[in-house]
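Q: Got a structure for you, questions after.
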2 protein chains.
Amino acid sequence: MPKIVDHDARRAELAEAMWRVVYRDGVGAATVRSIAAEAGWSPSALRHYFATQTELLVFAMEHVMAKATERFTAERRTGTVRDVVQGMLEELLPLDRQRVREAEVWLLLAARARADPAARKRMTEADDGVRRAAEIAVAQLTGERSPDEAAVARLHALLDGLTLHALLHPDRLPPNRMRELLATHLDQIV
Amino acid sequence: MPKIVDHDARRAELAEAMWRVVYRDGVGAATVRSIAAEAGWSPSALRHYFATQTELLVFAMEHVMAKATERFTAERRTGTVRDVVQGMLEELLPLDRQRVREAEVWLLLAARARADPAARKRMTEADDGVRRAAEIAVAQLTGERSPDEAAVARLHALLDGLTLHALLHPDRLPPNRMRELLATHLDQIV
């Protein structure tokens, strides 16, 4: 009987090993070699799944998007519409180690997106997700079904700009400062 | 008599060759090999100046900052304070090919900044420049000497968020749309 390989299960196993490396040592440490070691695979077995560093980042971004969606679904913040919207958008900001690691993956993939179609495709999916969150936020805050396009685009730009600045200068933009800046921006949308 | 080499002149010559490659073919094409060919040097002579791709990007970013400063100084927009501020900040957005190429360098360097101290140092200098422009903008718009910190941080995040989105989705964020979004944001600061 031929050996039966469950590719989805193997991919899930790899995703977990990859994320343990990223979480512990940063995305720069996530190479085919280090992930293979973490998973207990041979590097050549892993290269069957990921031939290049970009394929690895594309896969990592899939995990990032799944985690963010999970948090959105689990989010049970009560209070005013304003509080609920703030809570939803905070899931997208690098406010703890998990989300800092997610943002690192996002930035590395963004830097490859102009030159690499696979990176661009995954980045576009991720961007669309953040964009939808910004749309929901503006719709909720203003009570309008079709939210103002400019307000959505500005909120989206603010979220990604803050994420970038927090990655580059964590000392200047600690979590509470990011929360305050988001809150000030949401106040102006209301 | 020993051969006299003017290192500053050679660096300037290299900067021009590098920028011709970046401008024509994109920053991804700017390798030690392609820049050496453009400058008419041997790759090994060029490696005397830049041993790694990051050193090359750090050097390219120096050029980007010099060009932005030149444009700031040359900017002679007349009209209201609002118009002058808008004109100044537009120099920092990827509104034409020159500034798109500059933004590409910025994004690639940003992606390396967390792992590489030399990249981080140059990125911090560049960020400080944009931050100062945002400070001047808010001070001018509100007429206050010490501008509101939150307004400055939000404008800075907006500028970098728009830059990132325009690089990733030029079809969704053409130059006029970027100008409009910046204008809407400046209106709210006033």
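Identifiers in the structure tokens: chain A, B, ... in order shown; residue index from 1 per chain; ligand index from 1 in order shown.
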Which chain A residues are at most 8 Å from chain B (counting only C-alpha atoms), as a list in words?

A: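 Therefore, the residues near the partner are Gly28, Leu107, Leu108, Ala110, Ala111, Ala113, Arg114, Ala115, Arg120, Thr124, Ala150, Ala153, Arg154, His156, Ala157, Leu158, Leu159, Asp160, Gly161, Leu162, His165, Leu167, Leu168, Leu181, Thr184 and His185 of chain A.
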
Q: Now that the selection is made, can you save its residues with N, CA and C atoms as an mmCIF file, in the first residue's frame?

A:
```cif
data_model
loop_
_atom_site.group_PDB
_atom_site.id
_atom_site.type_symbol
_atom_site.label_atom_id
_atom_site.label_comp_id
_atom_site.auth_asym_id
_atom_site.auth_seq_id
_atom_site.Cartn_x
_atom_site.Cartn_y
_atom_site.Cartn_z
ATOM 1 N N GLY A 28 12.943 37.159 10.933
ATOM 2 C CA GLY A 28 14.250 37.048 10.275
ATOM 3 C C GLY A 28 14.889 35.680 10.491
ATOM 4 N N LEU A 107 5.191 43.390 6.998
ATOM 5 C CA LEU A 107 6.122 44.373 6.422
ATOM 6 C C LEU A 107 7.104 43.716 5.445
ATOM 7 N N LEU A 108 7.600 42.541 5.806
ATOM 8 C CA LEU A 108 8.531 41.854 4.895
ATOM 9 C C LEU A 108 7.828 41.459 3.602
ATOM 10 N N ALA A 110 5.200 42.997 2.340
ATOM 11 C CA ALA A 110 4.922 44.254 1.617
ATOM 12 C C ALA A 110 6.130 44.665 0.784
ATOM 13 N N ALA A 111 7.328 44.504 1.364
ATOM 14 C CA ALA A 111 8.541 44.924 0.663
ATOM 15 C C ALA A 111 8.793 44.069 -0.577
ATOM 16 N N ALA A 113 6.241 42.746 -2.383
ATOM 17 C CA ALA A 113 5.008 42.675 -3.185
ATOM 18 C C ALA A 113 5.139 43.337 -4.554
ATOM 19 N N ARG A 114 5.968 44.372 -4.661
ATOM 20 C CA ARG A 114 6.081 45.041 -5.960
ATOM 21 C C ARG A 114 6.800 44.177 -6.979
ATOM 22 N N ALA A 115 7.733 43.362 -6.505
ATOM 23 C CA ALA A 115 8.543 42.581 -7.444
ATOM 24 C C ALA A 115 8.019 41.161 -7.649
ATOM 25 N N ARG A 120 2.424 39.766 -3.933
ATOM 26 C CA ARG A 120 1.440 40.835 -4.160
ATOM 27 C C ARG A 120 0.018 40.314 -3.962
ATOM 28 N N THR A 124 -2.538 41.721 -1.200
ATOM 29 C CA THR A 124 -3.811 42.342 -1.590
ATOM 30 C C THR A 124 -4.950 41.749 -0.772
ATOM 31 N N ALA A 150 -13.480 58.454 1.649
ATOM 32 C CA ALA A 150 -12.266 59.146 2.092
ATOM 33 C C ALA A 150 -11.969 58.822 3.554
ATOM 34 N N ALA A 153 -10.469 55.309 3.599
ATOM 35 C CA ALA A 153 -9.085 55.272 3.095
ATOM 36 C C ALA A 153 -8.119 55.896 4.101
ATOM 37 N N ARG A 154 -8.558 56.975 4.771
ATOM 38 C CA ARG A 154 -7.676 57.612 5.753
ATOM 39 C C ARG A 154 -7.482 56.731 6.980
ATOM 40 N N HIS A 156 -7.684 53.485 7.068
ATOM 41 C CA HIS A 156 -6.830 52.379 6.625
ATOM 42 C C HIS A 156 -5.360 52.825 6.597
ATOM 43 N N ALA A 157 -5.097 54.004 6.038
ATOM 44 C CA ALA A 157 -3.723 54.514 5.978
ATOM 45 C C ALA A 157 -3.171 54.743 7.380
ATOM 46 N N LEU A 158 -4.024 55.266 8.271
ATOM 47 C CA LEU A 158 -3.572 55.508 9.646
ATOM 48 C C LEU A 158 -3.172 54.204 10.334
ATOM 49 N N LEU A 159 -4.003 53.168 10.177
ATOM 50 C CA LEU A 159 -3.715 51.878 10.822
ATOM 51 C C LEU A 159 -2.369 51.329 10.339
ATOM 52 N N ASP A 160 -2.145 51.372 9.021
ATOM 53 C CA ASP A 160 -0.894 50.820 8.500
ATOM 54 C C ASP A 160 0.296 51.722 8.815
ATOM 55 N N GLY A 161 0.085 53.022 8.825
ATOM 56 C CA GLY A 161 1.165 53.947 9.202
ATOM 57 C C GLY A 161 1.580 53.750 10.649
ATOM 58 N N LEU A 162 0.603 53.617 11.543
ATOM 59 C CA LEU A 162 0.921 53.385 12.958
ATOM 60 C C LEU A 162 1.655 52.051 13.127
ATOM 61 N N HIS A 165 5.243 52.508 12.047
ATOM 62 C CA HIS A 165 6.026 53.307 13.002
ATOM 63 C C HIS A 165 6.297 52.543 14.291
ATOM 64 N N LEU A 167 6.650 49.341 14.537
ATOM 65 C CA LEU A 167 7.695 48.343 14.249
ATOM 66 C C LEU A 167 9.070 49.001 14.226
ATOM 67 N N LEU A 168 9.149 50.199 13.636
ATOM 68 C CA LEU A 168 10.450 50.843 13.471
ATOM 69 C C LEU A 168 10.918 51.527 14.758
ATOM 70 N N LEU A 181 -3.863 57.326 19.962
ATOM 71 C CA LEU A 181 -3.894 57.956 18.638
ATOM 72 C C LEU A 181 -5.070 57.426 17.817
ATOM 73 N N THR A 184 -8.234 59.071 19.193
ATOM 74 C CA THR A 184 -8.376 60.464 18.731
ATOM 75 C C THR A 184 -8.900 60.487 17.301
ATOM 76 N N HIS A 185 -8.364 59.586 16.482
ATOM 77 C CA HIS A 185 -8.804 59.548 15.083
ATOM 78 C C HIS A 185 -10.279 59.136 14.994
#
```

Q: Between stretch 97-122 of chain B and stretch 71-91 of chain B, at 12 Å or less, what are the per-residue closest atom pairs and their distances in Å? Count only C-alpha atoms, order by chain and rising residue number, and return it as a Markdown table.

A:
```
| residue | atom | partner | partner_atom | distance |
| --- | --- | --- | --- | --- |
| B:Gln98 | CA | B:Glu91 | CA | 10.4 |
| B:Arg99 | CA | B:Glu91 | CA | 7.9 |
| B:Val100 | CA | B:Glu91 | CA | 11.1 |
| B:Glu102 | CA | B:Glu91 | CA | 10.9 |
| B:Ala103 | CA | B:Glu91 | CA | 11.3 |
```

Q: Run DSSP on the backbone and give me the residues of stretch 20-187 of chain A it puts in helix (DSSP H, G or I), as JSON, numbers by chain.

A: {"A": [20, 21, 22, 23, 24, 25, 27, 28, 29, 32, 33, 34, 35, 36, 37, 38, 39, 43, 44, 45, 46, 47, 53, 54, 55, 56, 57, 58, 59, 60, 61, 62, 63, 64, 65, 66, 67, 68, 69, 70, 71, 72, 73, 74, 81, 82, 83, 84, 85, 86, 87, 88, 89, 90, 97, 98, 99, 100, 101, 102, 103, 104, 105, 106, 107, 108, 109, 110, 111, 112, 113, 117, 118, 119, 120, 121, 122, 123, 124, 125, 126, 127, 128, 129, 130, 131, 132, 133, 134, 135, 136, 137, 138, 139, 140, 141, 142, 149, 150, 151, 152, 153, 154, 155, 156, 157, 158, 159, 160, 161, 162, 163, 164, 165, 166, 167, 168, 175, 176, 177, 178, 179, 180, 181, 182, 183, 184, 185, 186, 187]}

Q: The selected residues should be written to file as a compact mmCIF listing (two decimals), in the first residue's frame (atoms: C-alpha atoms).

A:
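Saved the output as again-v2.txt:
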```
# COMPACT_ATOMS: atom_id res chain seq x y z
CA ARG A 20 6.94 28.92 17.02
CA VAL A 21 10.21 30.05 15.36
CA VAL A 22 8.77 33.43 14.33
CA TYR A 23 7.25 34.06 17.77
CA ARG A 24 10.41 33.08 19.65
CA ASP A 25 13.15 34.50 17.42
CA VAL A 27 10.63 36.51 11.35
CA GLY A 28 14.25 37.05 10.27
CA ALA A 29 15.09 33.72 11.92
CA VAL A 32 13.78 26.72 5.66
CA ARG A 33 16.57 25.30 7.83
CA SER A 34 15.34 26.60 11.20
CA ILE A 35 11.71 25.65 10.55
CA ALA A 36 12.74 22.18 9.41
CA ALA A 37 14.72 21.77 12.64
CA GLU A 38 11.75 22.97 14.71
CA ALA A 39 9.35 20.60 12.95
CA PRO A 43 15.29 20.73 5.02
CA SER A 44 14.71 18.98 1.70
CA ALA A 45 11.29 17.70 2.84
CA LEU A 46 10.39 21.24 3.80
CA ARG A 47 11.59 22.61 0.46
CA GLN A 53 11.79 32.62 1.28
CA THR A 54 8.89 34.45 -0.40
CA GLU A 55 6.76 31.27 -0.46
CA LEU A 56 7.46 30.92 3.23
CA LEU A 57 6.36 34.53 3.88
CA VAL A 58 3.23 34.05 1.78
CA PHE A 59 2.40 31.00 3.90
CA ALA A 60 3.17 32.89 7.13
CA MET A 61 0.84 35.70 6.05
CA GLU A 62 -1.96 33.16 5.60
CA HIS A 63 -1.47 32.25 9.26
CA VAL A 64 -1.46 35.96 10.26
CA MET A 65 -4.78 36.52 8.48
CA ALA A 66 -6.34 33.43 10.04
CA LYS A 67 -5.27 34.58 13.53
CA ALA A 68 -6.66 38.08 13.01
CA THR A 69 -9.98 36.65 11.77
CA GLU A 70 -10.10 34.36 14.83
CA ARG A 71 -9.62 37.34 17.13
CA PHE A 72 -12.31 39.33 15.33
CA THR A 73 -14.77 36.49 15.82
CA ALA A 74 -13.83 35.98 19.46
CA VAL A 81 -20.33 51.43 19.55
CA ARG A 82 -17.18 53.52 19.91
CA ASP A 83 -15.65 50.99 22.35
CA VAL A 84 -16.57 48.01 20.19
CA VAL A 85 -15.06 49.63 17.08
CA GLN A 86 -11.89 50.58 18.95
CA GLY A 87 -11.58 47.00 20.21
CA MET A 88 -12.02 45.56 16.73
CA LEU A 89 -9.36 47.81 15.18
CA GLU A 90 -6.91 47.21 18.03
CA ARG A 97 4.19 40.16 20.91
CA GLN A 98 1.86 38.03 18.78
CA ARG A 99 0.69 41.06 16.81
CA VAL A 100 4.22 42.49 16.56
CA ARG A 101 5.32 39.23 14.94
CA GLU A 102 2.32 39.35 12.62
CA ALA A 103 3.21 42.91 11.64
CA GLU A 104 6.82 41.85 10.93
CA VAL A 105 5.57 39.25 8.47
CA TRP A 106 3.28 41.84 6.89
CA LEU A 107 6.12 44.37 6.42
CA LEU A 108 8.53 41.85 4.89
CA LEU A 109 5.85 40.65 2.52
CA ALA A 110 4.92 44.25 1.62
CA ALA A 111 8.54 44.92 0.66
CA ARG A 112 8.44 41.98 -1.76
CA ALA A 113 5.01 42.68 -3.19
CA PRO A 117 3.27 38.40 -7.99
CA ALA A 118 2.65 35.71 -5.32
CA ALA A 119 3.61 38.15 -2.57
CA ARG A 120 1.44 40.83 -4.16
CA LYS A 121 -1.59 38.53 -4.34
CA ARG A 122 -1.40 37.60 -0.65
CA MET A 123 -0.73 41.24 0.34
CA THR A 124 -3.81 42.34 -1.59
CA GLU A 125 -5.94 39.80 0.28
CA ALA A 126 -4.53 41.00 3.59
CA ASP A 127 -5.03 44.66 2.66
CA ASP A 128 -8.61 43.96 1.63
CA GLY A 129 -9.23 42.49 5.08
CA VAL A 130 -7.94 45.61 6.86
CA ARG A 131 -9.83 47.79 4.42
CA ARG A 132 -13.08 45.94 5.24
CA ALA A 133 -12.45 46.42 8.96
CA ALA A 134 -12.00 50.16 8.31
CA GLU A 135 -15.26 50.21 6.30
CA ILE A 136 -17.18 48.48 9.10
CA ALA A 137 -15.65 50.88 11.62
CA VAL A 138 -16.65 54.02 9.70
CA ALA A 139 -20.14 52.62 8.96
CA GLN A 140 -20.68 51.82 12.64
CA LEU A 141 -19.37 55.14 13.89
CA THR A 142 -21.39 57.27 11.49
CA GLU A 149 -14.77 56.50 1.02
CA ALA A 150 -12.27 59.15 2.09
CA ALA A 151 -12.82 58.42 5.79
CA VAL A 152 -12.27 54.71 5.13
CA ALA A 153 -9.09 55.27 3.10
CA ARG A 154 -7.68 57.61 5.75
CA LEU A 155 -8.44 55.21 8.61
CA HIS A 156 -6.83 52.38 6.63
CA ALA A 157 -3.72 54.51 5.98
CA LEU A 158 -3.57 55.51 9.65
CA LEU A 159 -3.71 51.88 10.82
CA ASP A 160 -0.89 50.82 8.50
CA GLY A 161 1.16 53.95 9.20
CA LEU A 162 0.92 53.39 12.96
CA THR A 163 1.83 49.72 12.50
CA LEU A 164 4.91 50.66 10.50
CA HIS A 165 6.03 53.31 13.00
CA ALA A 166 5.52 50.98 15.95
CA LEU A 167 7.69 48.34 14.25
CA LEU A 168 10.45 50.84 13.47
CA PRO A 175 0.87 50.26 22.99
CA ASN A 176 -0.97 52.91 25.03
CA ARG A 177 0.17 55.68 22.72
CA MET A 178 -1.10 53.71 19.70
CA ARG A 179 -4.47 53.18 21.41
CA GLU A 180 -4.74 56.91 22.19
CA LEU A 181 -3.89 57.96 18.64
CA LEU A 182 -6.47 55.54 17.24
CA ALA A 183 -9.06 56.83 19.74
CA THR A 184 -8.38 60.46 18.73
CA HIS A 185 -8.80 59.55 15.08
CA LEU A 186 -12.08 57.68 15.73
CA ASP A 187 -13.40 60.67 17.69
```

Q: Between atom CA of B:Ala30 and atom CA of B:Tyr49, what is the distance in Å, rounded to a tenth?

A: 14.4 Å
